[in-house]
$ cat query-v1.txt   # compact mmCIF, C-alpha atoms
# COMPACT_ATOMS: atom_id res chain seq x y z
CA MET A 2 60.09 -15.89 -75.11
CA ILE A 3 63.72 -15.82 -76.21
CA PRO A 4 64.50 -13.12 -78.80
CA LEU A 5 66.29 -14.25 -81.96
CA SER A 6 69.10 -11.77 -81.29
CA TRP A 7 70.15 -13.68 -78.16
CA TYR A 8 70.90 -16.78 -80.23
CA LEU A 9 72.75 -14.68 -82.80
CA ILE A 10 74.87 -12.96 -80.14
CA LEU A 11 75.77 -16.31 -78.57
CA ALA A 12 76.62 -17.81 -81.98
CA ALA A 13 78.72 -14.75 -82.83
CA GLY A 14 80.58 -15.26 -79.55
CA LEU A 15 81.24 -18.93 -80.32
CA PHE A 16 82.44 -18.02 -83.80
CA THR A 17 84.86 -15.34 -82.61
CA ILE A 18 86.21 -17.61 -79.86
CA GLY A 19 86.85 -20.23 -82.53
CA LEU A 20 88.49 -17.62 -84.75
CA PHE A 21 90.78 -16.61 -81.90
CA GLY A 22 91.72 -20.26 -81.42
CA VAL A 23 92.53 -20.69 -85.11
CA LEU A 24 94.67 -17.55 -85.15
CA ALA A 25 96.47 -17.94 -81.82
CA ARG A 26 96.87 -21.65 -81.02
CA ARG A 27 100.15 -23.37 -81.82
CA ASN A 28 98.94 -26.96 -81.78
CA ALA A 29 97.36 -28.19 -85.01
CA VAL A 30 94.82 -30.36 -83.16
CA ALA A 31 93.74 -27.31 -81.11
CA ILE A 32 93.29 -25.36 -84.35
CA LEU A 33 91.04 -28.15 -85.61
CA MET A 34 89.00 -27.98 -82.38
CA SER A 35 88.57 -24.23 -82.88
CA ILE A 36 87.34 -24.83 -86.42
CA GLU A 37 84.74 -27.22 -84.99
CA LEU A 38 83.63 -24.42 -82.64
CA MET A 39 83.19 -22.08 -85.61
CA LEU A 40 81.20 -24.67 -87.57
CA ASN A 41 78.99 -25.24 -84.53
CA ALA A 42 78.28 -21.51 -84.31
CA VAL A 43 77.27 -21.55 -87.97
CA ILE A 44 74.90 -24.47 -87.41
CA LEU A 45 73.38 -22.72 -84.37
CA ASN A 46 72.77 -19.63 -86.52
CA LEU A 47 71.17 -21.69 -89.30
CA VAL A 48 68.81 -23.45 -86.89
CA ALA A 49 67.89 -20.20 -85.11
CA PHE A 50 67.07 -18.46 -88.40
CA TRP A 51 65.08 -21.50 -89.49
CA ARG A 52 63.08 -21.51 -86.24
CA TYR A 53 62.28 -17.80 -86.26
CA GLY A 54 61.91 -17.50 -90.01
CA GLN A 55 59.92 -20.24 -91.73
CA PRO A 56 59.78 -23.39 -89.61
CA VAL A 57 57.17 -24.94 -91.89
CA ASP A 58 59.74 -24.98 -94.70
CA ILE A 59 62.22 -27.64 -93.57
CA SER A 60 65.13 -26.41 -95.72
CA GLY A 61 66.87 -24.75 -92.76
CA GLN A 62 67.26 -28.08 -90.99
CA VAL A 63 68.38 -29.78 -94.22
CA PHE A 64 71.03 -27.09 -94.59
CA ALA A 65 72.20 -27.74 -91.01
CA ILE A 66 72.45 -31.50 -91.68
CA ILE A 67 74.59 -30.89 -94.79
CA VAL A 68 76.88 -28.70 -92.66
CA PHE A 69 77.10 -31.58 -90.15
CA ALA A 70 78.25 -33.94 -92.91
CA VAL A 71 80.84 -31.44 -94.15
CA ALA A 72 82.10 -30.92 -90.58
CA ALA A 73 82.48 -34.66 -90.08
CA SER A 74 84.48 -35.10 -93.29
CA GLU A 75 86.59 -32.05 -92.47
CA ALA A 76 87.46 -33.46 -89.04
CA ALA A 77 88.36 -36.87 -90.49
CA VAL A 78 90.64 -35.48 -93.21
CA GLY A 79 92.20 -32.88 -90.91
CA LEU A 80 93.05 -35.39 -88.20
CA ALA A 81 94.42 -37.83 -90.79
CA LEU A 82 96.71 -35.09 -92.14
CA ILE A 83 97.87 -34.17 -88.63
CA LEU A 84 98.61 -37.81 -87.77
CA SER A 85 100.50 -38.27 -91.03
CA ILE A 86 102.59 -35.14 -90.40
CA TYR A 87 103.24 -36.25 -86.83
CA ARG A 88 104.47 -39.61 -88.04
CA ARG A 89 106.86 -38.09 -90.57
CA ARG A 90 108.04 -34.95 -88.78
CA SER A 91 107.30 -35.74 -85.08
CA THR A 92 105.61 -32.39 -84.54
CA VAL A 93 102.10 -31.00 -84.33
CA ALA A 94 103.06 -27.33 -83.83
CA ALA A 95 101.60 -25.33 -86.69
CA GLU A 96 104.67 -23.13 -87.21
CA ASP A 97 106.94 -26.17 -87.67
CA ILE A 98 104.80 -27.58 -90.46
CA ASN A 99 106.41 -25.84 -93.41
CA MET A 100 106.82 -28.59 -95.99
CA LEU A 101 104.85 -26.57 -98.56
CA LYS A 102 106.91 -23.43 -97.99
CA TRP A 103 109.99 -22.71 -100.09
CA MET Q 5 62.19 -13.16 -67.25
CA THR Q 6 60.45 -16.36 -68.17
CA ALA Q 7 61.67 -19.88 -67.40
CA MET Q 8 62.69 -20.37 -71.05
CA GLN Q 9 64.91 -17.30 -70.91
CA ALA Q 10 66.53 -18.51 -67.70
CA VAL Q 11 67.25 -21.90 -69.28
CA PHE Q 12 68.68 -20.18 -72.36
CA LEU Q 13 70.93 -17.95 -70.27
CA LEU Q 14 72.19 -20.91 -68.25
CA LEU Q 15 72.90 -23.01 -71.35
CA GLY Q 16 74.43 -20.05 -73.13
CA LEU Q 17 76.70 -19.30 -70.19
CA VAL Q 18 77.89 -22.93 -69.97
CA THR Q 19 78.49 -23.02 -73.74
CA PHE Q 20 80.33 -19.70 -73.77
CA ILE Q 21 82.59 -20.40 -70.80
CA SER Q 22 83.50 -23.88 -71.97
CA ALA Q 23 84.21 -22.52 -75.47
CA VAL Q 24 86.62 -20.02 -73.93
CA MET Q 25 88.23 -22.86 -71.97
CA VAL Q 26 88.68 -24.88 -75.20
CA VAL Q 27 90.76 -22.06 -76.62
CA VAL Q 28 92.82 -21.06 -73.56
CA SER Q 29 93.26 -24.38 -71.72
CA PRO Q 30 96.99 -25.19 -71.50
CA GLN Q 31 96.43 -28.95 -71.31
CA LEU Q 32 95.20 -30.11 -74.69
CA ILE Q 33 93.30 -33.10 -73.30
CA HIS Q 34 91.35 -30.72 -71.03
CA ALA Q 35 90.57 -28.58 -74.06
CA GLY Q 36 89.12 -31.68 -75.71
CA LEU Q 37 86.89 -32.36 -72.71
CA TRP Q 38 85.76 -28.71 -72.62
CA LEU Q 39 84.91 -29.10 -76.33
CA VAL Q 40 82.57 -31.96 -75.40
CA LEU Q 41 80.82 -29.67 -72.87
CA THR Q 42 80.51 -26.89 -75.47
CA LEU Q 43 78.96 -29.27 -77.99
CA ALA Q 44 76.55 -30.57 -75.34
CA GLY Q 45 75.51 -26.99 -74.59
CA VAL Q 46 74.79 -26.36 -78.26
CA ALA Q 47 72.76 -29.59 -78.33
CA GLY Q 48 70.69 -28.18 -75.45
CA LEU Q 49 70.15 -24.99 -77.45
CA PHE Q 50 68.87 -27.11 -80.34
CA VAL Q 51 66.31 -28.60 -77.95
CA LEU Q 52 65.27 -25.06 -76.97
CA LEU Q 53 64.91 -24.24 -80.67
CA GLU Q 54 62.56 -27.24 -81.02
CA ALA Q 55 64.88 -29.09 -83.39
CA PRO Q 56 65.10 -32.40 -81.44
CA PHE Q 57 66.51 -34.36 -84.38
CA LEU Q 58 69.41 -31.95 -84.73
CA ALA Q 59 70.05 -32.18 -80.99
CA VAL Q 60 70.35 -35.97 -81.30
CA VAL Q 61 72.55 -35.62 -84.38
CA GLN Q 62 74.72 -33.17 -82.47
CA VAL Q 63 75.19 -35.63 -79.61
CA VAL Q 64 75.77 -38.66 -81.83
CA ILE Q 65 77.97 -37.13 -84.53
CA TYR Q 66 79.71 -34.24 -82.81
CA ILE Q 67 80.18 -35.60 -79.30
CA GLY Q 68 80.14 -39.29 -80.19
CA ALA Q 69 82.32 -39.16 -83.27
CA ILE Q 70 84.15 -35.89 -83.91
CA ALA Q 71 85.06 -34.99 -80.32
CA ILE Q 72 86.14 -38.54 -79.53
CA LEU Q 73 88.20 -38.61 -82.75
CA ILE Q 74 89.89 -35.37 -81.69
CA ILE Q 75 90.62 -36.77 -78.22
CA PHE Q 76 92.15 -39.86 -79.86
CA ALA Q 77 94.32 -37.62 -82.03
CA ILE Q 78 95.41 -35.66 -78.94
CA MET Q 79 96.42 -38.89 -77.22
CA LEU Q 80 98.24 -40.21 -80.31
CA THR Q 81 100.27 -37.01 -80.65
CA ARG Q 82 100.74 -36.55 -76.94
CA ARG Q 83 104.50 -37.00 -76.61
CA MET Q 84 105.17 -33.64 -78.23
CA LEU Q 85 102.66 -31.70 -76.19
CA ARG Q 86 104.28 -32.15 -72.82
CA ASP Q 87 107.58 -30.72 -74.06
CA GLU Q 88 106.13 -27.48 -75.32
CA GLY Q 89 105.43 -24.84 -72.70
CA ARG Q 90 103.64 -22.27 -74.81
CA GLN Q 91 100.27 -23.12 -76.29
CA LEU Q 92 99.69 -19.74 -77.95
CA ASN Q 93 101.85 -18.37 -80.73
CA SER Q 94 103.57 -15.00 -80.77
CA LEU Q 95 100.69 -13.24 -82.53
CA TRP Q 96 98.06 -14.07 -79.91
CA ALA Q 97 97.66 -10.46 -78.68
CA GLY Q 98 96.90 -9.22 -82.19
CA ALA Q 99 94.49 -12.12 -82.70
CA LEU Q 100 92.72 -11.21 -79.44
CA VAL Q 101 92.30 -7.57 -80.53
CA VAL Q 102 91.00 -8.58 -83.98
CA THR Q 103 88.48 -11.08 -82.62
CA LEU Q 104 87.24 -8.67 -79.91
CA ILE Q 105 86.69 -5.97 -82.52
CA LEU Q 106 84.91 -8.48 -84.77
CA TYR Q 107 82.67 -9.57 -81.89
CA ALA Q 108 81.83 -5.96 -80.98
CA VAL Q 109 80.94 -5.20 -84.61
CA LEU Q 110 78.78 -8.33 -84.91
CA VAL Q 111 76.89 -7.61 -81.67
CA PHE Q 112 76.41 -3.98 -82.73
CA LEU Q 113 75.02 -5.04 -86.11
CA ILE Q 114 72.71 -7.67 -84.55
CA LEU Q 115 71.31 -5.11 -82.10
CA GLN Q 116 70.93 -2.51 -84.86
CA GLU Q 117 68.95 -4.65 -87.28
CA PRO Q 118 65.26 -3.87 -86.72
CA SER Q 119 63.93 -7.08 -88.30
CA LEU Q 120 65.92 -9.17 -85.80
CA ALA Q 121 64.58 -7.20 -82.85
CA ALA Q 122 61.06 -7.76 -84.17
CA ALA Q 123 61.55 -11.55 -84.28
CA SER Q 124 61.09 -12.22 -80.60
CA GLN Q 125 58.52 -14.98 -80.96
CA PRO Q 126 59.25 -18.26 -82.73
CA ILE Q 127 56.58 -19.27 -85.19
CA GLN Q 128 54.46 -22.11 -83.90
CA ALA Q 129 54.88 -25.43 -85.66
CA GLU Q 130 54.26 -29.07 -84.82
CA SER Q 131 57.71 -30.57 -84.38
CA SER Q 132 56.73 -34.23 -85.00
CA VAL Q 133 55.14 -33.28 -88.33
CA LEU Q 134 58.31 -31.34 -89.16
CA LEU Q 135 60.47 -34.35 -88.36
CA ALA Q 136 58.51 -36.60 -90.73
CA ASP Q 137 58.72 -33.88 -93.36
CA LEU Q 138 62.49 -33.64 -92.86
CA GLY Q 139 62.89 -37.35 -93.52
CA ARG Q 140 60.79 -37.16 -96.65
CA ALA Q 141 62.44 -33.98 -97.92
CA LEU Q 142 65.91 -35.56 -97.84
CA VAL Q 143 64.94 -38.37 -100.24
CA ASP Q 144 62.36 -36.53 -102.31
CA VAL Q 145 63.44 -36.24 -105.96
CA ASP Q 146 61.92 -32.78 -106.22
CA ARG Q 147 63.49 -31.41 -103.07
CA PHE Q 148 66.82 -32.23 -101.43
CA ILE Q 149 67.97 -35.56 -102.81
CA LEU Q 150 70.79 -34.00 -104.85
CA PRO Q 151 72.47 -32.15 -101.93
CA PHE Q 152 71.90 -35.25 -99.79
CA GLU Q 153 73.65 -37.52 -102.28
CA VAL Q 154 76.46 -35.02 -102.87
CA ALA Q 155 77.03 -34.87 -99.11
CA SER Q 156 77.13 -38.67 -98.98
CA VAL Q 157 79.71 -38.85 -101.77
CA LEU Q 158 81.75 -36.10 -100.09
CA LEU Q 159 81.72 -38.01 -96.80
CA LEU Q 160 82.73 -41.26 -98.52
CA ALA Q 161 85.55 -39.57 -100.44
CA ALA Q 162 86.75 -37.82 -97.29
CA LEU Q 163 86.82 -41.05 -95.29
CA ILE Q 164 88.66 -42.99 -98.02
CA GLY Q 165 91.09 -40.08 -98.31
CA ALA Q 166 91.59 -40.04 -94.55
CA ILE Q 167 92.43 -43.75 -94.54
CA TYR Q 168 94.89 -43.25 -97.41
CA VAL Q 169 96.59 -40.23 -95.83
CA ALA Q 170 96.84 -41.64 -92.31
CA ARG Q 171 97.97 -45.16 -93.16
CA PRO Q 172 101.34 -46.24 -91.77
CA MET Q 173 104.31 -45.91 -94.06
CA MET Q 174 104.70 -49.06 -96.12
CA ALA Q 175 108.01 -50.80 -96.70
CA GLY Q 176 107.79 -50.16 -100.42
CA GLU Q 177 107.14 -46.47 -100.05
CA ASP Q 178 110.74 -45.41 -99.61
CA ARG Q 179 111.58 -47.21 -102.84
CA GLU Q 180 108.76 -45.36 -104.60
CA ARG Q 181 110.08 -42.05 -103.36
CA GLN Q 182 113.58 -42.68 -104.56
CA GLU Q 183 112.51 -43.49 -108.07

$ encode --input "query-v1.txt" --output "structure tokens"
Amino acid sequence: MIPLSWYLILAAGLFTIGLFGVLARRNAVAILMSIELMLNAVILNLVAFWRYGQPVDISGQVFAIIVFAVAASEAAVGLALILSIYRRRSTVAAEDINMLKW
Amino acid sequence: MTAMQAVFLLLGLVTFISAVMVVVSPQLIHAGLWLVLTLAGVAGLFVLLEAPFLAVVQVVIYIGAIAILIIFAIMLTRRMLRDEGRQLNSLWAGALVVTLILYAVLVFLILQEPSLAAASQPIQAESSVLLADLGRALVDVDRFILPFEVASVLLLAALIGAIYVARPMMAGEDRERQE
């Protein structure tokens, strides 16, 4: 059978790839995609711990579903902000978005 | 190596490589398509973990809604992307070092932890019974109805907020701003 640590190592890899994308990408939409990767790694971890821990107690899956809902709302708001900024400033490069800096 | 392990390694490899392609792909639309493949790989891992409902949710919500929304956003903001040559910012080398160190530390800790090494066998459970229990748990007053409702309100507020933020600029808005 598959050891739990394999899932955790894969999820850690997904998370760090997403972290690299958030830190290094210039395009705001690409940063949002990397955040989705990180959230997916978290969900994978939650489900793996649920499966190998106490599968009779369903709370692990409920937790994962709540994270799904949060990820969906995060994507909707993030993309709306990016589209709004694009409409006003004609850019999606993260370093050009400095309206809150002074 | 059993068949399950081979399937896991295959799925894991597909997920990992496509996740790397999401981050390094110079064409943003290709990155979006690689993201779809990554999410599909994670859905396959959910099937391996005997969480079929979550696998379906992953396909419907992540691939069907979030990834398609992201691809739409890429297309709507496309004019700028072709002009820019660089896709990575000037700090990418430092980010690479930091994330590699973080990954090494995480893998080291996971391999160190004795309780994780002991958990090599998933606990047997009937997945159809679990699915019925999941449905009941989400609307049971004594269990998860409060987080469920809070998540619903959060989703509703986020969607209304998204519509408000992304709406086209109205004619009257400039007047509002000048006041």

$ interface_residues --input "query-v1.txt" --of "chain Q" --to "chain A" --cutoff "7 Å" --atoms "only C-alpha atoms" --output "ChimeraX atom specification"
/Q:6,8-9,16,20,23-24,27,53,70,77-78,81,84,91-93,95-96,99-100,103,107,110-111,114,120-121,123-127,129,134,138,155,159,162-163,165-166,169-170

$ axis_aligned_box --input "query-v1.txt" --around "segment 60-69 of chain Q" --padding-each-side "5 Å" --output "lines of an AutoDock Vina configuration file"
center_x = 76.3
center_y = -36.2
center_z = -81.9
size_x = 22.0
size_y = 16.1
size_z = 15.2

$ atom_distance --input "query-v1.txt" --atom1 "atom CA of Val143 of chain Q" --atom2 "atom CA of Ala55 of chain Q"
19.2 Å

$ atom_distance --input "query-v1.txt" --atom1 "atom CA of Gly98 of chain Q" --atom2 "atom CA of Asn46 of chain A"
26.6 Å

$ atom_distance --input "query-v1.txt" --atom1 "atom CA of Gly36 of chain Q" --atom2 "atom CA of Leu73 of chain Q"
9.9 Å

$ residues_near_point --input "query-v1.txt" --point "(96.6, -21.6, -69.8)" --cutoff "10 Å" --atoms "only C-alpha atoms" --output "compact mmCIF listing (two decimals) with C-alpha atoms, keeping the file's coordinate frame"
# COMPACT_ATOMS: atom_id res chain seq x y z
CA MET Q 25 88.23 -22.86 -71.97
CA VAL Q 27 90.76 -22.06 -76.62
CA VAL Q 28 92.82 -21.06 -73.56
CA SER Q 29 93.26 -24.38 -71.72
CA PRO Q 30 96.99 -25.19 -71.50
CA GLN Q 31 96.43 -28.95 -71.31
CA LEU Q 32 95.20 -30.11 -74.69
CA GLY Q 89 105.43 -24.84 -72.70
CA ARG Q 90 103.64 -22.27 -74.81
CA GLN Q 91 100.27 -23.12 -76.29
CA LEU Q 92 99.69 -19.74 -77.95

$ residues_around --input "query-v1.txt" --residues "Gly45 of chain Q" --least-positions-apart "6" --cutoff "7 Å" --atoms "all atoms listed in the file" --output "list in words"
Leu15, Val18 and Thr19 of chain Q

$ write_last_selection --input "query-v1.txt" --atoms "C-alpha atoms" --output "CSV table (one decimal), in the coordinates of the input"
chain,number,residue,atom,x,y,z
Q,15,LEU,CA,72.9,-23.0,-71.4
Q,18,VAL,CA,77.9,-22.9,-70.0
Q,19,THR,CA,78.5,-23.0,-73.7

$ build_atoms --input "query-v1.txt" --residues "segment 9-41 of chain A" --atoms "N, CA and C atoms" --output "PDB file, in the frame of the given file"
ATOM      1  N   LEU A   9      71.746 -15.172 -81.853  1.00  0.00           N
ATOM      2  CA  LEU A   9      72.750 -14.680 -82.800  1.00  0.00           C
ATOM      3  C   LEU A   9      73.971 -14.150 -82.055  1.00  0.00           C
ATOM      4  N   ILE A  10      73.733 -13.481 -80.901  1.00  0.00           N
ATOM      5  CA  ILE A  10      74.870 -12.960 -80.140  1.00  0.00           C
ATOM      6  C   ILE A  10      75.699 -14.108 -79.578  1.00  0.00           C
ATOM      7  N   LEU A  11      75.028 -15.145 -79.095  1.00  0.00           N
ATOM      8  CA  LEU A  11      75.770 -16.310 -78.570  1.00  0.00           C
ATOM      9  C   LEU A  11      76.562 -16.983 -79.692  1.00  0.00           C
ATOM     10  N   ALA A  12      75.920 -17.154 -80.872  1.00  0.00           N
ATOM     11  CA  ALA A  12      76.620 -17.810 -81.980  1.00  0.00           C
ATOM     12  C   ALA A  12      77.787 -16.956 -82.451  1.00  0.00           C
ATOM     13  N   ALA A  13      77.608 -15.619 -82.455  1.00  0.00           N
ATOM     14  CA  ALA A  13      78.720 -14.750 -82.830  1.00  0.00           C
ATOM     15  C   ALA A  13      79.868 -14.903 -81.842  1.00  0.00           C
ATOM     16  N   GLY A  14      79.537 -15.040 -80.556  1.00  0.00           N
ATOM     17  CA  GLY A  14      80.580 -15.260 -79.550  1.00  0.00           C
ATOM     18  C   GLY A  14      81.325 -16.550 -79.788  1.00  0.00           C
ATOM     19  N   LEU A  15      80.592 -17.647 -80.043  1.00  0.00           N
ATOM     20  CA  LEU A  15      81.240 -18.930 -80.320  1.00  0.00           C
ATOM     21  C   LEU A  15      82.149 -18.821 -81.527  1.00  0.00           C
ATOM     22  N   PHE A  16      81.660 -18.133 -82.566  1.00  0.00           N
ATOM     23  CA  PHE A  16      82.440 -18.020 -83.800  1.00  0.00           C
ATOM     24  C   PHE A  16      83.733 -17.256 -83.549  1.00  0.00           C
ATOM     25  N   THR A  17      83.643 -16.136 -82.809  1.00  0.00           N
ATOM     26  CA  THR A  17      84.860 -15.340 -82.610  1.00  0.00           C
ATOM     27  C   THR A  17      85.826 -16.058 -81.676  1.00  0.00           C
ATOM     28  N   ILE A  18      85.303 -16.820 -80.699  1.00  0.00           N
ATOM     29  CA  ILE A  18      86.210 -17.610 -79.860  1.00  0.00           C
ATOM     30  C   ILE A  18      86.956 -18.626 -80.723  1.00  0.00           C
ATOM     31  N   GLY A  19      86.213 -19.277 -81.628  1.00  0.00           N
ATOM     32  CA  GLY A  19      86.850 -20.230 -82.530  1.00  0.00           C
ATOM     33  C   GLY A  19      87.882 -19.560 -83.422  1.00  0.00           C
ATOM     34  N   LEU A  20      87.551 -18.348 -83.887  1.00  0.00           N
ATOM     35  CA  LEU A  20      88.490 -17.620 -84.750  1.00  0.00           C
ATOM     36  C   LEU A  20      89.759 -17.299 -83.984  1.00  0.00           C
ATOM     37  N   PHE A  21      89.589 -16.885 -82.715  1.00  0.00           N
ATOM     38  CA  PHE A  21      90.780 -16.610 -81.900  1.00  0.00           C
ATOM     39  C   PHE A  21      91.636 -17.867 -81.767  1.00  0.00           C
ATOM     40  N   GLY A  22      90.971 -19.014 -81.547  1.00  0.00           N
ATOM     41  CA  GLY A  22      91.720 -20.260 -81.420  1.00  0.00           C
ATOM     42  C   GLY A  22      92.491 -20.586 -82.680  1.00  0.00           C
ATOM     43  N   VAL A  23      91.845 -20.394 -83.842  1.00  0.00           N
ATOM     44  CA  VAL A  23      92.530 -20.690 -85.110  1.00  0.00           C
ATOM     45  C   VAL A  23      93.730 -19.778 -85.286  1.00  0.00           C
ATOM     46  N   LEU A  24      93.577 -18.500 -84.916  1.00  0.00           N
ATOM     47  CA  LEU A  24      94.670 -17.550 -85.150  1.00  0.00           C
ATOM     48  C   LEU A  24      95.787 -17.703 -84.133  1.00  0.00           C
ATOM     49  N   ALA A  25      95.466 -18.078 -82.884  1.00  0.00           N
ATOM     50  CA  ALA A  25      96.470 -17.940 -81.820  1.00  0.00           C
ATOM     51  C   ALA A  25      97.037 -19.267 -81.337  1.00  0.00           C
ATOM     52  N   ARG A  26      96.361 -20.401 -81.578  1.00  0.00           N
ATOM     53  CA  ARG A  26      96.870 -21.650 -81.020  1.00  0.00           C
ATOM     54  C   ARG A  26      98.056 -22.156 -81.814  1.00  0.00           C
ATOM     55  N   ARG A  27      98.989 -22.819 -81.133  1.00  0.00           N
ATOM     56  CA  ARG A  27     100.150 -23.370 -81.820  1.00  0.00           C
ATOM     57  C   ARG A  27      99.913 -24.804 -82.271  1.00  0.00           C
ATOM     58  N   ASN A  28      99.102 -25.536 -81.499  1.00  0.00           N
ATOM     59  CA  ASN A  28      98.940 -26.960 -81.780  1.00  0.00           C
ATOM     60  C   ASN A  28      97.911 -27.177 -82.881  1.00  0.00           C
ATOM     61  N   ALA A  29      98.253 -28.007 -83.859  1.00  0.00           N
ATOM     62  CA  ALA A  29      97.360 -28.190 -85.010  1.00  0.00           C
ATOM     63  C   ALA A  29      96.039 -28.834 -84.591  1.00  0.00           C
ATOM     64  N   VAL A  30      96.063 -29.739 -83.597  1.00  0.00           N
ATOM     65  CA  VAL A  30      94.820 -30.360 -83.160  1.00  0.00           C
ATOM     66  C   VAL A  30      93.918 -29.310 -82.489  1.00  0.00           C
ATOM     67  N   ALA A  31      94.522 -28.374 -81.742  1.00  0.00           N
ATOM     68  CA  ALA A  31      93.740 -27.310 -81.110  1.00  0.00           C
ATOM     69  C   ALA A  31      93.115 -26.406 -82.160  1.00  0.00           C
ATOM     70  N   ILE A  32      93.851 -26.174 -83.264  1.00  0.00           N
ATOM     71  CA  ILE A  32      93.290 -25.360 -84.350  1.00  0.00           C
ATOM     72  C   ILE A  32      92.070 -26.061 -84.937  1.00  0.00           C
ATOM     73  N   LEU A  33      92.165 -27.386 -85.084  1.00  0.00           N
ATOM     74  CA  LEU A  33      91.040 -28.150 -85.610  1.00  0.00           C
ATOM     75  C   LEU A  33      89.832 -28.070 -84.673  1.00  0.00           C
ATOM     76  N   MET A  34      90.094 -28.117 -83.358  1.00  0.00           N
ATOM     77  CA  MET A  34      89.000 -27.980 -82.380  1.00  0.00           C
ATOM     78  C   MET A  34      88.334 -26.620 -82.516  1.00  0.00           C
ATOM     79  N   SER A  35      89.146 -25.569 -82.737  1.00  0.00           N
ATOM     80  CA  SER A  35      88.570 -24.230 -82.880  1.00  0.00           C
ATOM     81  C   SER A  35      87.719 -24.139 -84.136  1.00  0.00           C
ATOM     82  N   ILE A  36      88.150 -24.833 -85.199  1.00  0.00           N
ATOM     83  CA  ILE A  36      87.340 -24.830 -86.420  1.00  0.00           C
ATOM     84  C   ILE A  36      85.998 -25.501 -86.156  1.00  0.00           C
ATOM     85  N   GLU A  37      86.011 -26.573 -85.341  1.00  0.00           N
ATOM     86  CA  GLU A  37      84.740 -27.220 -84.990  1.00  0.00           C
ATOM     87  C   GLU A  37      83.834 -26.247 -84.225  1.00  0.00           C
ATOM     88  N   LEU A  38      84.426 -25.432 -83.348  1.00  0.00           N
ATOM     89  CA  LEU A  38      83.630 -24.420 -82.640  1.00  0.00           C
ATOM     90  C   LEU A  38      82.971 -23.467 -83.628  1.00  0.00           C
ATOM     91  N   MET A  39      83.738 -23.022 -84.633  1.00  0.00           N
ATOM     92  CA  MET A  39      83.190 -22.080 -85.610  1.00  0.00           C
ATOM     93  C   MET A  39      82.059 -22.727 -86.397  1.00  0.00           C
ATOM     94  N   LEU A  40      82.255 -23.992 -86.799  1.00  0.00           N
ATOM     95  CA  LEU A  40      81.200 -24.670 -87.570  1.00  0.00           C
ATOM     96  C   LEU A  40      79.940 -24.835 -86.716  1.00  0.00           C
ATOM     97  N   ASN A  41      80.139 -25.085 -85.402  1.00  0.00           N
ATOM     98  CA  ASN A  41      78.990 -25.240 -84.530  1.00  0.00           C
ATOM     99  C   ASN A  41      78.217 -23.929 -84.403  1.00  0.00           C
TER     100      ASN A  41
END
